[in-house]
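*Asks:* Below you'll find the structure I mean.
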Amino acid sequence: MSASPGGTRSTRLAPADVLRLGLLGLTTRRMRAVLSALGISIGIATLVVVVGIPASSQRDLMEQLSALGTNLLRAEPVPDQNPPVLLPEEAAAMASRIGPVHAASAVANTHTAVRRNELLDRYDTSGLTVLASRPDLLGTVNGRVRSGRALDDGSARLPTAVLGYVAASRLGFATVDPRQPPQVFIGERWFTVIGILDPLPLSPDLDRSVLVGWDAARAMLGFDGHPTVVYLRAREDALEDVRAVLPATLNPQLPGLVQVSRPSDALAAKRATEDSFSALFLGLAAVALLVGGIGVANTMVISVLERRREIGLRRALGASRGQIRVQFLTESVLLSVLGGAAGAALGVLATVGYASYQGWPPTIPLPAVLGGVTAALLVGVVAGVYPSIRAARQTPTEALATP
């Protein structure tokens, strides 16, 4: 209990009473409250949309860039050495033991010619290379089969081959019919083509290659088992560190004789995209939020002027200045929070709808939604401070004497 200036006793308002008074002020002037909350809603919806739509577009772009193999490294011996530098047979397994490495595989040049048939000149290779391949190669380089199937543990021991995209074109094959698969002449024997690959933009050497199983190359093509190229995937944030230790991992005695490709330019583009953001869109959201806040403040000031008799009557009945301040501040906060919640919901729906229309994976950054509602709450507090103080300053006599 506390005493009012007129000698009457005022009671403390319970939180439920404060909330009810705040809602009463909004429900009695619904249209004005809706229009004021609309300003906040537009600001919050704009904030969510301008964050969510670029985030959805960015996620789609990131997935496309990742599919290219932005975290792919390629290690091989330095060429034209005498004697030639040989990587150990277990080079792929050695690379896979590096902590940030997700996957590793290897290929080896069999130094064997491939021809469409045995009647062609054995030196006419069409610029194609026959590579011994591990069954896990496609998973490592993120390759996909366009037609037919890939090499597996079973077919890797048989005279079967998978053609890169360019190799298939040069050999004159467009698809693979499993009922009557085509054949190519490798070395001095026929190999059955079981698959054709999609293009590999970041591994063009594989596009121009004919892949045969590791064991089949050993048994049928005189392959010595030493890989010529090791491919590996690693965490993007640790790619430079992996690149630094890879030569010593593959050739501890002479690491300088192992060269490692630099990270793809696609990775640089991906990182630049991740780091960039549109300040203009955020600025528009901030302006819309500011306009909404000014609308709420204006509504509350006008509400104070219109409700002077109500304020005077409440003061005469024992309401303290603090209770008047809390009432009008509560109205302002409720107006802003309701507008913010509606704006957040509207922004989420708009983002999901637009992203789905574009075929992007919808991405709703939770900080944007929570930050928008929090911003609306802060706007309500700031916009309600002056009107609530102005209302509380009025004496019962002044308020009741107002026409």
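Just so we're on the same page: first chain in the structure tokens is A, next is B, and so on; residues restart at 1 for each chain, and ligands are numbered from 1 in the order they show up.
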For Ala75 in chain A, please output as a ChimeraX atom specification all residues within 10 Å (counting only C-alpha atoms; exclusion window: fewer than 2 positions along the same chain).
*Replies:* /A:73,77-78,87,91,95,106,228-232,243,246-247,250,258-262
*Asks:* From a backbone DSSP assignment, name each residue in range 68-110 of chain A labelled alpha helix (DSSP H), as a list of chain:residue names.
*Replies:*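 Of range 68-110 of chain A, only A:Leu68, A:Ala91, A:Ala92, A:Ala93, A:Met94, A:Ala95, A:Ser96 fall in alpha helix (DSSP H).
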*Asks:* Include N, CA, C and O atoms and write out the residues we just selected as an mmCIF file, in the first residue's frame.
*Replies:*
```cif
data_model
loop_
_atom_site.group_PDB
_atom_site.id
_atom_site.type_symbol
_atom_site.label_atom_id
_atom_site.label_comp_id
_atom_site.auth_asym_id
_atom_site.auth_seq_id
_atom_site.Cartn_x
_atom_site.Cartn_y
_atom_site.Cartn_z
ATOM 1 N N LEU A 68 30.507 -29.063 -56.569
ATOM 2 C CA LEU A 68 31.627 -29.054 -57.507
ATOM 3 C C LEU A 68 32.884 -29.652 -56.900
ATOM 4 O O LEU A 68 33.760 -30.137 -57.619
ATOM 5 N N ALA A 91 49.181 -44.765 -50.286
ATOM 6 C CA ALA A 91 49.147 -43.305 -50.170
ATOM 7 C C ALA A 91 47.760 -42.789 -49.786
ATOM 8 O O ALA A 91 47.633 -41.890 -48.947
ATOM 9 N N ALA A 92 46.697 -43.338 -50.382
ATOM 10 C CA ALA A 92 45.348 -42.870 -50.059
ATOM 11 C C ALA A 92 45.009 -43.131 -48.603
ATOM 12 O O ALA A 92 44.418 -42.276 -47.919
ATOM 13 N N ALA A 93 45.390 -44.289 -48.094
ATOM 14 C CA ALA A 93 45.122 -44.602 -46.687
ATOM 15 C C ALA A 93 45.910 -43.677 -45.773
ATOM 16 O O ALA A 93 45.416 -43.253 -44.711
ATOM 17 N N MET A 94 47.142 -43.343 -46.163
ATOM 18 C CA MET A 94 47.956 -42.423 -45.362
ATOM 19 C C MET A 94 47.309 -41.040 -45.313
ATOM 20 O O MET A 94 47.259 -40.387 -44.263
ATOM 21 N N ALA A 95 46.794 -40.577 -46.451
ATOM 22 C CA ALA A 95 46.155 -39.258 -46.490
ATOM 23 C C ALA A 95 44.880 -39.240 -45.649
ATOM 24 O O ALA A 95 44.556 -38.232 -45.015
ATOM 25 N N SER A 96 44.149 -40.344 -45.633
ATOM 26 C CA SER A 96 42.878 -40.380 -44.898
ATOM 27 C C SER A 96 43.080 -40.298 -43.390
ATOM 28 O O SER A 96 42.134 -40.017 -42.656
#
```
*Asks:* Would you mind listing what lies within 10 Å of Ser147 in chain A as an MDAnalysis selection string, with only C-alpha atoms counted and same-chain residues fewer than 4 positions away left out?
*Replies:* chainID A and resid 162:163 174:178 194:198
*Asks:* Need to verify the contact set: Gly187 in chain A, 8 Å, only C-alpha atoms, exclusion of same-chain residues closer than 3 positions in sequence. Can you return it as a list in words?
*Replies:* Thr112, Ala113, Val114 and Leu221 of chain A
*Asks:* Using the selection just defined, write its residues with all heavy atoms as an mmCIF file, in the first residue's frame.
*Replies:*
```cif
data_model
loop_
_atom_site.group_PDB
_atom_site.id
_atom_site.type_symbol
_atom_site.label_atom_id
_atom_site.label_comp_id
_atom_site.auth_asym_id
_atom_site.auth_seq_id
_atom_site.Cartn_x
_atom_site.Cartn_y
_atom_site.Cartn_z
ATOM 1 N N THR A 112 48.761 -47.171 -70.714
ATOM 2 C CA THR A 112 48.193 -48.080 -71.692
ATOM 3 C C THR A 112 47.248 -47.309 -72.607
ATOM 4 O O THR A 112 46.555 -46.391 -72.152
ATOM 5 C CB THR A 112 47.417 -49.211 -70.997
ATOM 6 O OG1 THR A 112 48.225 -49.806 -70.000
ATOM 7 C CG2 THR A 112 46.999 -50.276 -71.999
ATOM 8 N N ALA A 113 47.244 -47.665 -73.885
ATOM 9 C CA ALA A 113 46.390 -46.982 -74.849
ATOM 10 C C ALA A 113 44.999 -47.592 -74.863
ATOM 11 O O ALA A 113 44.830 -48.794 -74.638
ATOM 12 C CB ALA A 113 47.010 -47.043 -76.239
ATOM 13 N N VAL A 114 44.010 -46.758 -75.158
ATOM 14 C CA VAL A 114 42.642 -47.230 -75.326
ATOM 15 C C VAL A 114 42.199 -46.890 -76.744
ATOM 16 O O VAL A 114 42.456 -45.803 -77.258
ATOM 17 C CB VAL A 114 41.687 -46.587 -74.288
ATOM 18 C CG1 VAL A 114 41.733 -45.063 -74.362
ATOM 19 C CG2 VAL A 114 40.264 -47.085 -74.490
ATOM 20 N N LEU A 221 46.945 -55.335 -67.029
ATOM 21 C CA LEU A 221 47.631 -54.252 -67.738
ATOM 22 C C LEU A 221 49.048 -54.022 -67.229
ATOM 23 O O LEU A 221 49.695 -53.038 -67.630
ATOM 24 C CB LEU A 221 46.814 -52.953 -67.609
ATOM 25 C CG LEU A 221 45.369 -53.002 -68.138
ATOM 26 C CD1 LEU A 221 44.674 -51.676 -67.910
ATOM 27 C CD2 LEU A 221 45.345 -53.374 -69.613
#
```
*Asks:* With only C-alpha atoms as the atoms that count, which of A:Ser56, A:Ser336, A:Thr374, A:Thr27 lies nearest to Ser356 in chain A?
*Replies:*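 Looking only at the distances to Ser356 in chain A, the closest residue turns out to be A:Ser56.
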*Asks:* Using DSSP on the backbone, list every residue of range 102-248 of chain A that comes out as strand (DSSP E), and give them as a tab-separated table (two decimals) with N, CA and C atoms, in the first residue's frame.
*Replies:*
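Dumped everything to states23.tsv:
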```
chain	number	residue	atom	x	y	z
A	102	HIS	N	38.01	-35.99	-44.90
A	102	HIS	CA	36.79	-36.78	-44.90
A	102	HIS	C	36.93	-38.05	-45.73
A	103	ALA	N	37.58	-37.94	-46.86
A	103	ALA	CA	37.68	-39.08	-47.78
A	103	ALA	C	38.93	-38.91	-48.62
A	104	ALA	N	39.51	-40.04	-49.02
A	104	ALA	CA	40.70	-40.03	-49.87
A	104	ALA	C	40.65	-41.23	-50.80
A	105	SER	N	41.10	-41.03	-52.01
A	105	SER	CA	41.18	-42.10	-52.99
A	105	SER	C	42.33	-41.81	-53.92
A	106	ALA	N	42.60	-42.75	-54.83
A	106	ALA	CA	43.75	-42.59	-55.71
A	106	ALA	C	43.45	-43.16	-57.08
A	107	VAL	N	44.20	-42.66	-58.07
A	107	VAL	CA	44.20	-43.23	-59.42
A	107	VAL	C	45.66	-43.38	-59.83
A	108	ALA	N	45.87	-44.19	-60.85
A	108	ALA	CA	47.23	-44.40	-61.34
A	108	ALA	C	47.20	-44.54	-62.85
A	109	ASN	N	48.16	-43.88	-63.49
A	109	ASN	CA	48.28	-43.98	-64.94
A	109	ASN	C	48.88	-45.34	-65.29
A	114	VAL	N	44.01	-46.76	-75.16
A	114	VAL	CA	42.64	-47.23	-75.33
A	114	VAL	C	42.20	-46.89	-76.74
A	115	ARG	N	41.55	-47.86	-77.40
A	115	ARG	CA	41.08	-47.66	-78.77
A	115	ARG	C	39.64	-48.17	-78.88
A	129	THR	N	43.51	-41.13	-71.34
A	129	THR	CA	44.39	-41.83	-70.41
A	129	THR	C	43.63	-42.97	-69.75
A	130	VAL	N	44.29	-44.10	-69.61
A	130	VAL	CA	43.70	-45.24	-68.90
A	130	VAL	C	44.20	-45.20	-67.46
A	131	LEU	N	43.28	-45.06	-66.53
A	131	LEU	CA	43.64	-44.93	-65.12
A	131	LEU	C	43.12	-46.12	-64.33
A	132	ALA	N	44.00	-46.66	-63.48
A	132	ALA	CA	43.54	-47.61	-62.47
A	132	ALA	C	42.85	-46.83	-61.37
A	133	SER	N	41.69	-47.29	-60.95
A	133	SER	CA	40.86	-46.50	-60.03
A	133	SER	C	40.40	-47.34	-58.86
A	145	VAL	N	27.34	-40.85	-62.01
A	145	VAL	CA	27.25	-41.66	-63.22
A	145	VAL	C	26.09	-41.15	-64.08
A	146	ARG	N	26.39	-40.82	-65.32
A	146	ARG	CA	25.36	-40.35	-66.24
A	146	ARG	C	24.57	-41.52	-66.81
A	147	SER	N	25.26	-42.61	-67.13
A	147	SER	CA	24.60	-43.77	-67.73
A	147	SER	C	25.33	-45.02	-67.25
A	148	GLY	N	24.59	-46.07	-66.96
A	148	GLY	CA	25.20	-47.31	-66.49
A	148	GLY	C	25.46	-47.29	-65.01
A	160	THR	N	36.39	-54.53	-66.90
A	160	THR	CA	35.31	-53.55	-67.08
A	160	THR	C	35.90	-52.16	-67.00
A	161	ALA	N	35.22	-51.19	-67.59
A	161	ALA	CA	35.72	-49.81	-67.63
A	161	ALA	C	34.56	-48.84	-67.49
A	162	VAL	N	34.88	-47.68	-66.91
A	162	VAL	CA	33.95	-46.56	-66.81
A	162	VAL	C	34.59	-45.38	-67.54
A	163	LEU	N	33.84	-44.73	-68.41
A	163	LEU	CA	34.39	-43.66	-69.24
A	163	LEU	C	34.05	-42.29	-68.65
A	183	GLN	N	32.13	-52.07	-75.90
A	183	GLN	CA	33.45	-52.52	-75.48
A	183	GLN	C	34.52	-51.60	-76.07
A	184	VAL	N	35.63	-51.50	-75.37
A	184	VAL	CA	36.80	-50.76	-75.85
A	184	VAL	C	38.01	-51.67	-75.76
A	185	PHE	N	39.01	-51.37	-76.58
A	185	PHE	CA	40.23	-52.20	-76.63
A	185	PHE	C	41.32	-51.47	-75.85
A	186	ILE	N	41.69	-52.04	-74.71
A	186	ILE	CA	42.71	-51.44	-73.83
A	186	ILE	C	43.90	-52.38	-73.79
A	189	ARG	N	43.53	-56.29	-74.95
A	189	ARG	CA	42.33	-57.06	-74.67
A	189	ARG	C	41.12	-56.15	-74.58
A	190	TRP	N	39.97	-56.77	-74.70
A	190	TRP	CA	38.71	-56.04	-74.67
A	190	TRP	C	38.25	-55.81	-73.23
A	191	PHE	N	37.73	-54.60	-72.99
A	191	PHE	CA	37.11	-54.25	-71.71
A	191	PHE	C	35.67	-53.83	-71.99
A	192	THR	N	34.77	-54.28	-71.14
A	192	THR	CA	33.36	-53.93	-71.28
A	192	THR	C	33.07	-52.60	-70.57
A	193	VAL	N	32.44	-51.69	-71.27
A	193	VAL	CA	32.09	-50.39	-70.69
A	193	VAL	C	30.80	-50.55	-69.88
A	194	ILE	N	30.87	-50.28	-68.59
A	194	ILE	CA	29.69	-50.43	-67.74
A	194	ILE	C	29.10	-49.10	-67.30
A	195	GLY	N	29.80	-47.98	-67.56
A	195	GLY	CA	29.27	-46.70	-67.12
A	195	GLY	C	29.93	-45.52	-67.81
A	196	ILE	N	29.20	-44.41	-67.85
A	196	ILE	CA	29.70	-43.13	-68.37
A	196	ILE	C	29.42	-42.08	-67.30
A	197	LEU	N	30.40	-41.23	-67.02
A	197	LEU	CA	30.29	-40.26	-65.95
A	197	LEU	C	29.75	-38.92	-66.43
A	209	SER	N	39.51	-39.51	-69.11
A	209	SER	CA	40.11	-40.78	-68.71
A	209	SER	C	39.15	-41.95	-68.88
A	210	VAL	N	39.76	-43.13	-68.99
A	210	VAL	CA	39.03	-44.39	-68.95
A	210	VAL	C	39.44	-45.07	-67.65
A	211	LEU	N	38.48	-45.32	-66.78
A	211	LEU	CA	38.76	-45.87	-65.46
A	211	LEU	C	38.58	-47.39	-65.47
A	212	VAL	N	39.59	-48.09	-64.99
A	212	VAL	CA	39.49	-49.55	-64.83
A	212	VAL	C	39.79	-49.87	-63.37
A	213	GLY	N	39.37	-51.04	-62.93
A	213	GLY	CA	39.57	-51.43	-61.54
A	213	GLY	C	41.03	-51.58	-61.17
A	229	VAL	N	48.13	-40.11	-58.65
A	229	VAL	CA	47.40	-38.96	-58.13
A	229	VAL	C	46.57	-39.42	-56.93
A	230	VAL	N	46.62	-38.64	-55.86
A	230	VAL	CA	45.79	-38.88	-54.68
A	230	VAL	C	44.78	-37.73	-54.57
A	231	TYR	N	43.51	-38.07	-54.51
A	231	TYR	CA	42.46	-37.07	-54.31
A	231	TYR	C	41.95	-37.19	-52.87
A	232	LEU	N	41.68	-36.03	-52.27
A	232	LEU	CA	41.12	-36.07	-50.91
A	232	LEU	C	40.20	-34.89	-50.70
A	233	ARG	N	39.24	-35.12	-49.81
A	233	ARG	CA	38.33	-34.07	-49.37
A	233	ARG	C	38.60	-33.78	-47.90
A	234	ALA	N	38.60	-32.50	-47.55
A	234	ALA	CA	38.85	-32.12	-46.16
A	234	ALA	C	37.89	-31.00	-45.77
```
*Asks:* Env of Asp215 in chain A: 12 Å cut, atoms = only C-alpha atoms, seq-sep filter 5 positions within chain, self excluded. Answer as a PyMOL selection string.
*Replies:* chain A and resi 107-108+110+131-135+151-160+220-225
*Asks:* Near Val49 in chain A, counting only C-alpha atoms, which residues have an atom at most 12 Å away, once you skip same-chain residues fewer than 5 positions from it, shown as a count of residues only?
*Replies:* 32
*Asks:* Neighbours of Ser332 in chain A within 7 Å (only C-alpha atoms; same-chain residues fewer than 2 positions away dropped), as a VMD selection string?
*Replies:* chain A and resid 296 300 328 to 330 334 to 336 380 to 381 383 to 384
*Asks:* How far is it from CA of Leu257 in chain A to CA of Ala219 in chain A, in Å with one decimal?
*Replies:*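 Distance reported for this atom pair: 29.0 Å.
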